[in-house]
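Text of the file model26.cif, holding mmCIF, C-alpha atoms:
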data_start
loop_
_atom_site.label_atom_id
_atom_site.label_comp_id
_atom_site.auth_asym_id
_atom_site.auth_seq_id
_atom_site.Cartn_x
_atom_site.Cartn_y
_atom_site.Cartn_z
CA GLN A 1 12.18 14.93 31.67
CA VAL A 2 10.51 13.51 34.78
CA GLN A 3 12.25 12.52 37.99
CA LEU A 4 10.52 10.29 40.52
CA VAL A 5 11.25 9.90 44.23
CA GLU A 6 9.46 7.27 46.31
CA SER A 7 8.90 7.45 50.05
CA GLY A 8 6.80 5.80 52.73
CA GLY A 9 8.32 2.36 52.85
CA GLY A 10 9.27 0.65 56.08
CA LEU A 11 8.76 -2.32 58.38
CA VAL A 12 5.21 -3.29 59.29
CA GLN A 13 3.54 -6.31 60.84
CA ALA A 14 1.26 -8.52 58.80
CA GLY A 15 -2.21 -7.01 58.63
CA GLY A 16 -0.84 -3.49 58.88
CA SER A 17 -0.90 -0.62 56.39
CA LEU A 18 1.53 1.66 54.62
CA ARG A 19 1.09 4.48 52.14
CA LEU A 20 3.76 4.93 49.51
CA SER A 21 4.23 8.28 47.80
CA CYS A 22 5.90 9.03 44.50
CA ALA A 23 6.83 12.67 44.09
CA ALA A 24 7.50 13.77 40.54
CA SER A 25 9.32 16.73 39.09
CA GLY A 26 8.64 18.03 35.60
CA ARG A 27 5.79 19.99 34.11
CA THR A 28 4.59 17.08 31.98
CA PHE A 29 3.85 14.72 34.85
CA SER A 30 0.16 15.58 34.85
CA ARG A 31 0.03 13.96 31.38
CA CYS A 32 1.95 10.87 32.48
CA ALA A 33 0.41 7.52 33.20
CA ALA A 34 1.95 6.05 36.34
CA GLY A 35 2.44 2.69 37.91
CA TRP A 36 3.89 0.82 40.85
CA PHE A 37 6.07 -2.26 40.47
CA ARG A 38 7.85 -4.38 43.05
CA GLN A 39 10.81 -6.70 43.16
CA ALA A 40 11.41 -9.26 45.88
CA PRO A 41 14.86 -10.81 46.43
CA GLY A 42 15.62 -13.40 43.79
CA LYS A 43 12.50 -12.57 41.80
CA GLU A 44 11.74 -10.54 38.73
CA ARG A 45 10.16 -7.11 38.91
CA GLU A 46 6.38 -7.43 38.80
CA PHE A 47 3.49 -5.12 38.10
CA VAL A 48 1.45 -4.01 41.11
CA ALA A 49 -0.87 -1.17 40.07
CA ALA A 50 -1.32 1.45 37.37
CA ILE A 51 -3.26 4.68 36.91
CA SER A 52 -4.04 6.80 33.86
CA TRP A 53 -3.00 10.43 33.73
CA THR A 54 -6.56 11.52 34.47
CA GLY A 55 -6.81 9.16 37.41
CA GLY A 56 -10.00 7.78 35.94
CA ASP A 57 -8.64 4.34 35.09
CA THR A 58 -6.77 2.00 37.39
CA ASP A 59 -5.51 -1.58 37.20
CA TYR A 60 -4.14 -3.99 39.78
CA THR A 61 -2.44 -7.33 39.82
CA ASP A 62 -4.77 -9.97 41.21
CA SER A 63 -2.80 -10.54 44.41
CA VAL A 64 -3.37 -6.97 45.64
CA LYS A 65 -6.95 -6.34 44.48
CA GLY A 66 -9.12 -5.25 47.37
CA ARG A 67 -6.06 -4.45 49.52
CA PHE A 68 -4.10 -1.80 47.57
CA THR A 69 -5.36 1.46 46.08
CA ILE A 70 -3.47 3.63 43.61
CA SER A 71 -4.35 7.31 43.35
CA ARG A 72 -2.81 10.56 42.20
CA ASP A 73 -2.89 14.29 42.86
CA ASN A 74 -1.78 16.08 39.71
CA ALA A 75 -1.77 19.44 41.46
CA GLU A 76 0.87 18.03 43.81
CA ASN A 77 2.63 15.92 41.13
CA THR A 78 2.29 12.88 43.37
CA VAL A 79 1.10 9.31 42.97
CA TYR A 80 0.16 7.21 45.98
CA LEU A 81 -0.15 3.53 46.77
CA GLN A 82 -2.25 2.80 49.84
CA MET A 83 -1.48 -0.72 51.03
CA ASN A 84 -3.77 -2.36 53.57
CA SER A 85 -3.91 -5.87 55.02
CA LEU A 86 -0.26 -6.35 54.21
CA LYS A 87 1.12 -9.86 53.97
CA PRO A 88 4.70 -11.15 54.27
CA GLU A 89 4.62 -11.94 50.55
CA ASP A 90 4.22 -8.20 49.86
CA THR A 91 7.80 -7.71 51.05
CA ALA A 92 9.78 -6.14 48.21
CA VAL A 93 11.38 -3.00 46.91
CA TYR A 94 8.57 -0.90 45.42
CA TYR A 95 9.26 1.25 42.38
CA CYS A 96 7.25 4.09 40.93
CA ALA A 97 7.23 4.50 37.14
CA ALA A 98 5.78 7.00 34.68
CA VAL A 99 5.35 7.48 30.95
CA TRP A 100 3.96 10.41 28.99
CA SER A 101 0.72 9.33 27.39
CA LEU A 102 -1.50 10.97 24.82
CA ARG A 103 -4.31 8.59 25.72
CA ALA A 104 -5.83 8.31 29.20
CA ILE A 105 -5.03 4.63 29.63
CA THR A 106 -3.06 2.44 32.01
CA TYR A 107 0.17 0.58 31.21
CA LEU A 108 0.86 -2.81 32.76
CA GLN A 109 4.26 -3.74 31.35
CA ALA A 110 7.52 -2.46 32.82
CA ASN A 111 9.02 -1.91 29.36
CA GLU A 112 6.24 0.57 28.55
CA TYR A 113 7.49 3.00 31.19
CA ARG A 114 10.19 5.57 30.55
CA TYR A 115 10.82 7.08 33.97
CA TRP A 116 11.65 5.16 37.16
CA GLY A 117 12.31 6.01 40.77
CA GLN A 118 15.03 4.49 42.94
CA GLY A 119 12.64 2.36 44.95
CA THR A 120 11.54 2.11 48.57
CA GLN A 121 11.80 -1.00 50.74
CA VAL A 122 8.64 -2.51 52.20
CA THR A 123 9.10 -5.31 54.73
CA VAL A 124 6.13 -7.15 56.22
CA SER A 125 6.85 -9.35 59.22
CA SER A 126 4.72 -12.35 60.11
#
Same coordinates, now as structure tokens:
Amino acid sequence: QVQLVESGGGLVQAGGSLRLSCAASGRTFSRCAAGWFRQAPGKEREFVAAISWTGGDTDYTDSVKGRFTISRDNAENTVYLQMNSLKPEDTAVYYCAAVWSLRAITYLQANEYRYWGQGTQVTVSS
């Protein structure tokens, strides 16, 4: 069993930066692929970024490429999302997700993930 707790959200002006953290409990987290998703009001949850359990493979949705960076520290059981050059359209609740994976690959679909955090609000003002 893996439990995920996100932190680091908040209010920031357009062009600013935030770093989200996802702290995981459970001894198997180091073998879990992880991802970040977001959901804006009135919209469906969408994929943002993903990372393999080794950290060697990452994927991003096109709208955040070059601005967001996903990383992980398996010794600390934590996954990060560094968000730079934030835009008002990045405003959403951001969720961390994880799934145990035999293969060191990334997962891009929400229904591929087993474990989810409660979410952290990110608000970008114009």
At a cut-off of 12 Å, using all atoms listed in the file, what residues contact Val12 of chain A? Leave out same-chain residues fewer than 5 positions from it and give the result as a PyMOL selection string.
chain A and resi 17-19+83-88+90-91+121-126
Keeping only C-alpha atoms, write the selected residues to a file as a PDB file, in the frame of the given file.
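And here's part.pdb as it stands now:
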ATOM      1  CA  SER A  17      -0.900  -0.620  56.390  1.00  0.00           C
ATOM      2  CA  LEU A  18       1.530   1.660  54.620  1.00  0.00           C
ATOM      3  CA  ARG A  19       1.090   4.480  52.140  1.00  0.00           C
ATOM      4  CA  MET A  83      -1.480  -0.720  51.030  1.00  0.00           C
ATOM      5  CA  ASN A  84      -3.770  -2.360  53.570  1.00  0.00           C
ATOM      6  CA  SER A  85      -3.910  -5.870  55.020  1.00  0.00           C
ATOM      7  CA  LEU A  86      -0.260  -6.350  54.210  1.00  0.00           C
ATOM      8  CA  LYS A  87       1.120  -9.860  53.970  1.00  0.00           C
ATOM      9  CA  PRO A  88       4.700 -11.150  54.270  1.00  0.00           C
ATOM     10  CA  ASP A  90       4.220  -8.200  49.860  1.00  0.00           C
ATOM     11  CA  THR A  91       7.800  -7.710  51.050  1.00  0.00           C
ATOM     12  CA  GLN A 121      11.800  -1.000  50.740  1.00  0.00           C
ATOM     13  CA  VAL A 122       8.640  -2.510  52.200  1.00  0.00           C
ATOM     14  CA  THR A 123       9.100  -5.310  54.730  1.00  0.00           C
ATOM     15  CA  VAL A 124       6.130  -7.150  56.220  1.00  0.00           C
ATOM     16  CA  SER A 125       6.850  -9.350  59.220  1.00  0.00           C
ATOM     17  CA  SER A 126       4.720 -12.350  60.110  1.00  0.00           C
TER      18      SER A 126
END
Expected axis-aligned box over every listed atom of segment 109-115 of chain A, 3 Å added per side, centre plus edges in Å to one decimal, as lines of an AutoDock Vina configuration file:
center_x = 7.5
center_y = 1.7
center_z = 31.3
size_x = 12.6
size_y = 16.8
size_z = 11.4
Output check: residues returned by the PyMOL selection byres ((chain A and resi 57) around 12), as an mmCIF file with C-alpha atoms, in the coordinates of the input:
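Writing the result to selection-v1.cif gives the following:
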data_model
loop_
_atom_site.group_PDB
_atom_site.id
_atom_site.type_symbol
_atom_site.label_atom_id
_atom_site.label_comp_id
_atom_site.auth_asym_id
_atom_site.auth_seq_id
_atom_site.Cartn_x
_atom_site.Cartn_y
_atom_site.Cartn_z
ATOM 1 C CA ALA A 33 0.410 7.520 33.200
ATOM 2 C CA ALA A 34 1.950 6.050 36.340
ATOM 3 C CA GLY A 35 2.440 2.690 37.910
ATOM 4 C CA ALA A 49 -0.870 -1.170 40.070
ATOM 5 C CA ALA A 50 -1.320 1.450 37.370
ATOM 6 C CA ILE A 51 -3.260 4.680 36.910
ATOM 7 C CA SER A 52 -4.040 6.800 33.860
ATOM 8 C CA TRP A 53 -3.000 10.430 33.730
ATOM 9 C CA THR A 54 -6.560 11.520 34.470
ATOM 10 C CA GLY A 55 -6.810 9.160 37.410
ATOM 11 C CA GLY A 56 -10.000 7.780 35.940
ATOM 12 C CA THR A 58 -6.770 2.000 37.390
ATOM 13 C CA ASP A 59 -5.510 -1.580 37.200
ATOM 14 C CA TYR A 60 -4.140 -3.990 39.780
ATOM 15 C CA THR A 69 -5.360 1.460 46.080
ATOM 16 C CA ILE A 70 -3.470 3.630 43.610
ATOM 17 C CA SER A 71 -4.350 7.310 43.350
ATOM 18 C CA ARG A 72 -2.810 10.560 42.200
ATOM 19 C CA ARG A 103 -4.310 8.590 25.720
ATOM 20 C CA ALA A 104 -5.830 8.310 29.200
ATOM 21 C CA ILE A 105 -5.030 4.630 29.630
ATOM 22 C CA THR A 106 -3.060 2.440 32.010
ATOM 23 C CA TYR A 107 0.170 0.580 31.210
#
Pick from A:Glu44, A:Ser25, A:Leu4, A:Arg38, whichever lies nearest to Tyr115 of chain A using all atoms listed in the file
A:Leu4
With distances taken over only C-alpha atoms, which residue among A:Gly15, A:Gly117, A:Gly10, A:Pro41 lies nearest Val79 of chain A?
A:Gly117
Write out as a ChimeraX atom specification which residues come within 10 Å of Ser63 of chain A when counting only C-alpha atoms, dropping same-chain ones fewer than 4 positions away.
/A:48,67-68,89-90
Using only C-alpha atoms for the distances, tell me which of A:Ala92, A:Val2, A:Leu81, A:Lys43 is nearest to Ser30 of chain A.
A:Val2
Could you check how far atom CA of Gly26 of chain A sits from atom CA of Ala97 of chain A, in Å to one decimal?
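Separation between atom CA of Gly26 of chain A and atom CA of Ala97 of chain A: 13.7 Å.
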Set the distance at 10 Å and use all atoms listed in the file: which residues neighbour Ala110 of chain A once local chain neighbours fewer than 3 positions away are removed? I'd like the list as a tab-separated table (two decimals) with C-alpha atoms, in the frame of the given file.
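The resulting file, selection-v1.tsv, is reproduced below:
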chain	number	residue	atom	x	y	z
A	35	GLY	CA	2.44	2.69	37.91
A	36	TRP	CA	3.89	0.82	40.85
A	37	PHE	CA	6.07	-2.26	40.47
A	45	ARG	CA	10.16	-7.11	38.91
A	46	GLU	CA	6.38	-7.43	38.80
A	47	PHE	CA	3.49	-5.12	38.10
A	97	ALA	CA	7.23	4.50	37.14
A	98	ALA	CA	5.78	7.00	34.68
A	107	TYR	CA	0.17	0.58	31.21
A	113	TYR	CA	7.49	3.00	31.19
A	114	ARG	CA	10.19	5.57	30.55
A	116	TRP	CA	11.65	5.16	37.16
With only C-alpha atoms as the atoms that count, which of A:Thr28, A:Thr120, A:Asn111, A:Ser7 lies nearest to Ala75 of chain A?
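Closest to Ala75 of chain A of all the choices is A:Thr28.
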For segment 8-27 of chain A, where the input has fewer atoms than it should, I would like N, CA, C and O atoms rebuilt and written as a compact mmCIF listing (two decimals), in the frame of the given file.
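Written file, result-v4.txt:
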# COMPACT_ATOMS: atom_id res chain seq x y z
N GLY A 8 7.90 6.43 51.99
CA GLY A 8 6.80 5.80 52.73
C GLY A 8 6.99 4.34 53.04
O GLY A 8 6.17 3.73 53.72
N GLY A 9 8.07 3.76 52.54
CA GLY A 9 8.32 2.36 52.85
C GLY A 9 8.75 2.18 54.29
O GLY A 9 8.99 3.15 55.02
N GLY A 10 8.85 0.92 54.72
CA GLY A 10 9.27 0.65 56.08
C GLY A 10 8.95 -0.77 56.48
O GLY A 10 8.63 -1.62 55.65
N LEU A 11 9.04 -1.01 57.79
CA LEU A 11 8.76 -2.32 58.38
C LEU A 11 7.39 -2.27 59.04
O LEU A 11 7.11 -1.37 59.83
N VAL A 12 6.55 -3.24 58.73
CA VAL A 12 5.21 -3.29 59.29
C VAL A 12 4.84 -4.74 59.56
O VAL A 12 5.33 -5.65 58.88
N GLN A 13 4.00 -4.96 60.55
CA GLN A 13 3.54 -6.31 60.84
C GLN A 13 2.45 -6.73 59.86
O GLN A 13 1.73 -5.87 59.30
N ALA A 14 2.32 -8.00 59.67
CA ALA A 14 1.26 -8.52 58.80
C ALA A 14 -0.09 -8.00 59.28
O ALA A 14 -0.36 -7.95 60.48
N GLY A 15 -0.91 -7.61 58.31
CA GLY A 15 -2.21 -7.01 58.63
C GLY A 15 -2.18 -5.50 58.72
O GLY A 15 -3.23 -4.86 58.77
N GLY A 16 -0.98 -4.93 58.76
CA GLY A 16 -0.84 -3.49 58.88
C GLY A 16 -0.97 -2.77 57.54
O GLY A 16 -1.26 -3.39 56.51
N SER A 17 -0.75 -1.46 57.58
CA SER A 17 -0.90 -0.62 56.39
C SER A 17 0.30 0.29 56.22
O SER A 17 0.98 0.66 57.19
N LEU A 18 0.54 0.65 54.98
CA LEU A 18 1.53 1.66 54.62
C LEU A 18 0.98 2.44 53.44
O LEU A 18 0.22 1.90 52.63
N ARG A 19 1.41 3.71 53.32
CA ARG A 19 1.09 4.48 52.14
C ARG A 19 2.38 4.95 51.50
O ARG A 19 3.15 5.69 52.11
N LEU A 20 2.60 4.50 50.28
CA LEU A 20 3.76 4.93 49.51
C LEU A 20 3.40 6.18 48.72
O LEU A 20 2.29 6.31 48.22
N SER A 21 4.38 7.07 48.61
CA SER A 21 4.23 8.28 47.80
C SER A 21 5.30 8.31 46.73
O SER A 21 6.42 7.84 46.95
N CYS A 22 4.96 8.86 45.60
CA CYS A 22 5.90 9.03 44.50
C CYS A 22 5.80 10.49 44.06
O CYS A 22 4.82 10.88 43.42
N ALA A 23 6.81 11.26 44.44
CA ALA A 23 6.83 12.67 44.09
C ALA A 23 7.57 12.86 42.78
O ALA A 23 8.68 12.37 42.61
N ALA A 24 6.93 13.59 41.87
CA ALA A 24 7.50 13.77 40.54
C ALA A 24 7.88 15.22 40.29
O ALA A 24 7.21 16.14 40.77
N SER A 25 8.95 15.39 39.56
CA SER A 25 9.32 16.73 39.09
C SER A 25 9.12 16.76 37.58
O SER A 25 9.20 15.73 36.91
N GLY A 26 8.85 17.95 37.05
CA GLY A 26 8.64 18.03 35.60
C GLY A 26 7.23 18.45 35.29
O GLY A 26 6.27 17.93 35.85
N ARG A 27 7.10 19.40 34.40
CA ARG A 27 5.79 19.99 34.11
C ARG A 27 4.87 19.03 33.37
O ARG A 27 3.67 19.24 33.35
